[in-house]
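Please read the structure below before turning to the comments.
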Amino acid sequence: MTSISLPADTAAAAPRSHPKPSLPRRVFANAAVRTGSVLLCLMVVLAVAAPWLYTIDPNAMDPANSHLSPGAHAEFTTLAGDSFQRFFPMGTDSMGRDIWSRTAYGARISLSVGLAVALGSIALGMLVGMVAGYFRRLDGTIMRVMDGVMAIPGILFAIVLVAVWRPSLWTVILAIVVPETPRVARLVRSVVLSVREEPYVEAAIALDTPAWKLMLRHILPNTVAPLIVQGTFVCAAAMLAEAVMSFLGIGLPSDVPTWGNIMSEGRAYFTSHPSTVLLPGAFLAATVLAVNMLGDGLRDALDPKFNKRGS
Amino acid sequence: MARTPFSTPRPAAGSPCLAVRDLCIDLPQGADRPHAVRGVSFDVMPGQVVCLLGESGSGKSVIAQAVMGLLPDSLKPSGGHIEVLGENVLAADAARLRAWRGARMAMVFQEPMTALNPVMRCGAQVDEMLAEHTALGAAERRQKVLAIFARVKLPEPERIYDAYPHQLSGGQRQRIVIAIALILRPALLICDEPTTALDVTTQAEILSLIREMQQENGTAVLFITHDFGVVADIADHVVVLQLGRQVESGPKDDVLRRPKEPYTRMLLDAVPRLEPASRPPVADAPPLLDARGVTKTYRSGSWPGKRRTVHAATDVSLQLRAGETVGIVGESGSGKSTVARCIARLIEPTGGEVWVPHLEAQHAPRARLSAFRRMVQVVFQDPNRSLNPRRTVGQSIIEGPVNFGLSPEKAWQRAEELMDLVRLKPEVLHRYPSEFSGGQRQRLCIARALACEPQVLIADEAVSALDVSVQDQILKLLAEIQQRLSIGILFITHDLRVASQICDRLIVMHKGRIVEQGTARDVLLSPREAYTRSLLAAAPGQGYAFGQG
């Protein structure tokens, strides 16, 4: 038989699998993603719109009105001498500063630290992991250095940084990015290692595709889904770390309203005025929970294995 | 759970061990067809081997799962019934099914490594069956396990009892799985592609073992396979399935020699013959590709651990001329793929040289490698994984030409012309790989390789993952492309039948070395080496004249 009798491919490429719902729809079908993102959106609104949400200057103090209970009414006199009637939804601290205003402005610090650390450690970790996974000669050396970085306790590293430089937002971010980077690098490296064995990557090598194109086109797109998930966890961890550092006094200066600083100041009076610690703590817990729920949900929605189990 | 007595029920004389009647199993909504299986009926009598034969997606594994009561929740039986020893499996609850599995019906799976628990000793995995289903004491159970290890011809049963699955070879692992299946002497044994993952010589041993055990115990066997050679060797009765429907059934010789249905005939025509096909003679010309003494050695482990050296390929030399197809055949681990990848420069050989006569003018190593890659292209085994799922097939196909300096517009034009060569429409270039079937994807992979206008095509098990009818199409396509473009093809395969159909010359490899080489006719019809003879002897379905009654 010499003639080729291929079936006429008119039906070629008729979609074989049933149409899947689009990715955003699939992601938002997940209850954890929805709850997490709604909660997180509220926090973002709180941070962005802090000046319009019934707040006053977070650093305005009136020693006469220290330790007001949540829900108290009082006449507030600033140090400049202006005075006005105010309702204090969350009370005041030991220096007579409005805790609600400090908490609302504190959301800015927490969220920006979380976002900056997530972006920073992903960018750095991706570069390191990519190089380690693709260039086998460098792999051993780079990953041992990463192991070394992982062995340094994060708080200790932060104390050293603060001792060397002045405490500032950038010091805090750097102090958290560095210990988080190895985790991202390991993740990226493992994806690169497994994807570079895929036949389509080998085919691209056989097609003489240069290394950078190979990375951008064929390998890195596979890291996007795990990195989004990892990013959310890094973000949550960073917000907690920032609060811990502020609480220990090695974070931002104590006059900057951060949730950690508010709790730190309230610590001494915890037995008599627990709300000074508990209320900002509740905001921190809710934000971390929201980010973690988002991450968990995204992992379930983006991981093909979880998908199969679900449907 | 109540323990059933050790003796399992036997079917009454003359009644079938397994009866499947009008079985209908629905697929979930939105699948490509409404039923996984529809209107399938057959009987398996005691001592009989019934083969379910069909291409991928024909529903044969679904039937096996249904008989074992192991259907996934998404598949619901909607009609008919399955009776094992006269009792309906579809109506049984989970506890009864658990008691029946192993005792009445047992299953042997395709991949023995995943069918066994990797962290449990082999003996314990067989012992579990006895502990669960019988009231025997530990010492008695051990005796029984050792006895069955000896019966399935495992060497040193005592040592294997304490071994973990990863310490055994593939064939030995499959023997353990068979021992687990047979220890309770089930009336029905279901084998789901039990030899597909094994080498051809091991496959022959496992098939004869299954046959032997079945005759010894009078077990009824439901055997699932896509391999016609295996069917010819083992079946008494054959049921042919297509897309979940029963096409034809009957005694083996009726179906395989005198098929009534066109579909069966089409499948049988597609089965490659073991006799070498006659091919046009190759013009005597200087070789396109000249590999001399290619050697690849892997070293693993480093100080202070033990160092291990693996000789994946040793001193392999071959030449390929224009218009010629050279086959490299061998079992897994013979080094045939290593040689192919060394020649394609996907891995660097430890020793030896790959010469391409008219590339020597280039001097910069980088430019030479680039020119070499343009000349030598590869088609891989698994078409599902060799196209990037995130890129349209058009983007994948023009990648090579663009890398070699063609403008994207020109490359796209060439891709559209190539679609004609591989019998696809140019519009499909805008689609993603997931929208194609396996055979279509392999044609796209061939198009991608041809887009660089290579002179040498390396096909590394390029048809091994395809169904027999698709395999036939791809082989014919390759032969036609070779005639038109007069390229040299290096064809790596473990399947002697495929090799005999497409190759001019054959190279037999074993343990990294060339055992024998010569024209396809000489190697297949009058092999000189003992290893080649054993390889040929193990090929299933020897001398069975398919479709010739």
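In the structure tokens, chains take letters A, B, ... by order of appearance, with residues numbered from 1 within each chain and ligands from 1 in the order shown.
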I'd like the contact shell of region 184-199 of chain B - 6 Å cut-off, only C-alpha atoms, skipping same-chain residues fewer than 6 positions apart - returned as a PyMOL selection string.
chain B and resi 103-110+219-225+331
Identify, with DSSP run on backbone atoms, the residues in region 149-192 of chain B assigned to strand (DSSP E or B), and express the list as a PDB file with N, CA and C atoms, in the first residue's frame.
ATOM      1  N   LEU B 188     -11.637 -15.309  39.103  1.00  0.00           N
ATOM      2  CA  LEU B 188     -11.487 -14.426  37.944  1.00  0.00           C
ATOM      3  C   LEU B 188     -10.259 -13.552  38.130  1.00  0.00           C
ATOM      4  N   LEU B 189      -9.403 -13.512  37.115  1.00  0.00           N
ATOM      5  CA  LEU B 189      -8.226 -12.647  37.150  1.00  0.00           C
ATOM      6  C   LEU B 189      -8.372 -11.615  36.037  1.00  0.00           C
ATOM      7  N   ILE B 190      -8.242 -10.331  36.425  1.00  0.00           N
ATOM      8  CA  ILE B 190      -8.320  -9.274  35.412  1.00  0.00           C
ATOM      9  C   ILE B 190      -6.925  -8.722  35.217  1.00  0.00           C
ATOM     10  N   CYS B 191      -6.443  -8.726  33.989  1.00  0.00           N
ATOM     11  CA  CYS B 191      -5.114  -8.199  33.701  1.00  0.00           C
ATOM     12  C   CYS B 191      -5.277  -6.970  32.827  1.00  0.00           C
ATOM     13  N   ASP B 192      -4.920  -5.802  33.363  1.00  0.00           N
ATOM     14  CA  ASP B 192      -5.079  -4.564  32.601  1.00  0.00           C
ATOM     15  C   ASP B 192      -3.723  -4.162  32.034  1.00  0.00           C
TER      16      ASP B 192
END
Could I get the residues of region 132-190 of chain A with an atom no further than 10 Å from an atom of region 249-268 of chain A, each paired with its nearest atom pair and that distance in Å to one decimal, using only C-alpha atoms, sorted by chain and residue number, as JSON lines?
{"residue": "A:Ile155", "atom": "CA", "partner": "A:Ile250", "partner_atom": "CA", "distance": 8.9}
{"residue": "A:Ala158", "atom": "CA", "partner": "A:Ile250", "partner_atom": "CA", "distance": 7.3}
{"residue": "A:Ile159", "atom": "CA", "partner": "A:Ile250", "partner_atom": "CA", "distance": 6.3}
{"residue": "A:Val160", "atom": "CA", "partner": "A:Ile250", "partner_atom": "CA", "distance": 9.6}
{"residue": "A:Leu161", "atom": "CA", "partner": "A:Ile250", "partner_atom": "CA", "distance": 9.3}
{"residue": "A:Val162", "atom": "CA", "partner": "A:Ile250", "partner_atom": "CA", "distance": 6.5}
{"residue": "A:Ala163", "atom": "CA", "partner": "A:Ile250", "partner_atom": "CA", "distance": 8.8}
{"residue": "A:Arg166", "atom": "CA", "partner": "A:Pro253", "partner_atom": "CA", "distance": 9.2}
{"residue": "A:Pro167", "atom": "CA", "partner": "A:Leu252", "partner_atom": "CA", "distance": 5.6}
{"residue": "A:Ser168", "atom": "CA", "partner": "A:Leu252", "partner_atom": "CA", "distance": 5.4}
{"residue": "A:Leu169", "atom": "CA", "partner": "A:Leu252", "partner_atom": "CA", "distance": 6.3}
{"residue": "A:Trp170", "atom": "CA", "partner": "A:Leu252", "partner_atom": "CA", "distance": 9.4}
{"residue": "A:Thr171", "atom": "CA", "partner": "A:Gly251", "partner_atom": "CA", "distance": 8.2}
{"residue": "A:Val172", "atom": "CA", "partner": "A:Gly251", "partner_atom": "CA", "distance": 6.1}
{"residue": "A:Ile173", "atom": "CA", "partner": "A:Gly251", "partner_atom": "CA", "distance": 9.7}
{"residue": "A:Ala175", "atom": "CA", "partner": "A:Gly251", "partner_atom": "CA", "distance": 9.6}
### Task
Would you return as a ChimeraX atom specification the members of region 154-378 of chain B that DSSP assigns to helix (DSSP H, G or I) on this structure's backbone?
/B:157-161,165-167,170-182,200-217,228-234,252-257,262-270,336-343,357-359,365-375
Checklist entry - Separation of CA of Pro349 (chain B) and CA of His510 (chain B), in Å? => result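 Between CA of Pro349 (chain B) and CA of His510 (chain B) the gap is 18.1 Å.
Note that the spacing between CA of Leu207 (chain A) and CA of Ala312 (chain B) amounts to 24.8 Å.
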Separating CA of Met375 (chain B) from CA of Gln455 (chain B), to the nearest tenth of an Å, is a gap of 5.2 Å
I need the contact residues of chain B against chain A, so if you could list those with any atom within 8 Å, counting only C-alpha atoms, and return them as a tab-separated table (two decimals) with C-alpha atoms, in the first residue's frame, that would help.
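Saved to selection_11.tsv:
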chain	number	residue	atom	x	y	z
B	30	GLY	CA	-19.56	17.72	28.90
B	31	ALA	CA	-17.29	14.83	27.96
B	32	ASP	CA	-16.67	14.11	24.29
B	344	ALA	CA	21.36	15.14	18.44
B	345	ARG	CA	23.77	16.93	20.84
B	346	LEU	CA	21.09	17.14	23.51
B	370	SER	CA	23.89	26.05	15.52
B	373	ARG	CA	21.15	21.72	15.01
B	374	ARG	CA	19.60	23.12	11.90
B	377	GLN	CA	16.16	17.54	14.17
B	378	VAL	CA	14.43	15.31	16.70
B	379	VAL	CA	10.90	13.93	17.09
B	380	PHE	CA	10.24	12.69	20.61
B	382	ASP	CA	5.45	11.55	23.92
B	385	ARG	CA	4.54	16.61	26.28
B	386	SER	CA	6.72	17.65	23.41
B	387	LEU	CA	4.72	20.75	22.50
B	388	ASN	CA	4.63	23.63	24.97
B	399	GLU	CA	10.41	28.89	16.73
B	400	GLY	CA	13.16	26.94	14.98
B	403	ASN	CA	16.07	31.03	15.63
B	404	PHE	CA	17.92	30.21	12.43
B	423	ARG	CA	-2.21	16.51	6.35
B	424	LEU	CA	-3.53	19.20	8.67
B	425	LYS	CA	-5.26	22.44	7.80
B	428	VAL	CA	-4.90	24.80	13.12
B	431	ARG	CA	-4.76	26.46	18.17
B	434	SER	CA	-4.51	20.46	24.04
B	435	GLU	CA	-7.03	20.71	21.19
B	436	PHE	CA	-5.39	17.91	19.21
B	437	SER	CA	-5.34	14.13	19.45
B	440	GLN	CA	-2.25	14.95	15.27
B	452	CYS	CA	14.14	23.83	10.00
B	473	GLN	CA	-0.40	6.62	9.54
B	476	LYS	CA	3.55	6.03	6.23
B	477	LEU	CA	3.83	9.79	6.60
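Residue nearest Thr314 (chain B) within the list B:Pro365, B:Gly351, B:Gly512, B:Pro426: B:Gly512 [criterion: smallest interatomic distance, only C-alpha atoms].
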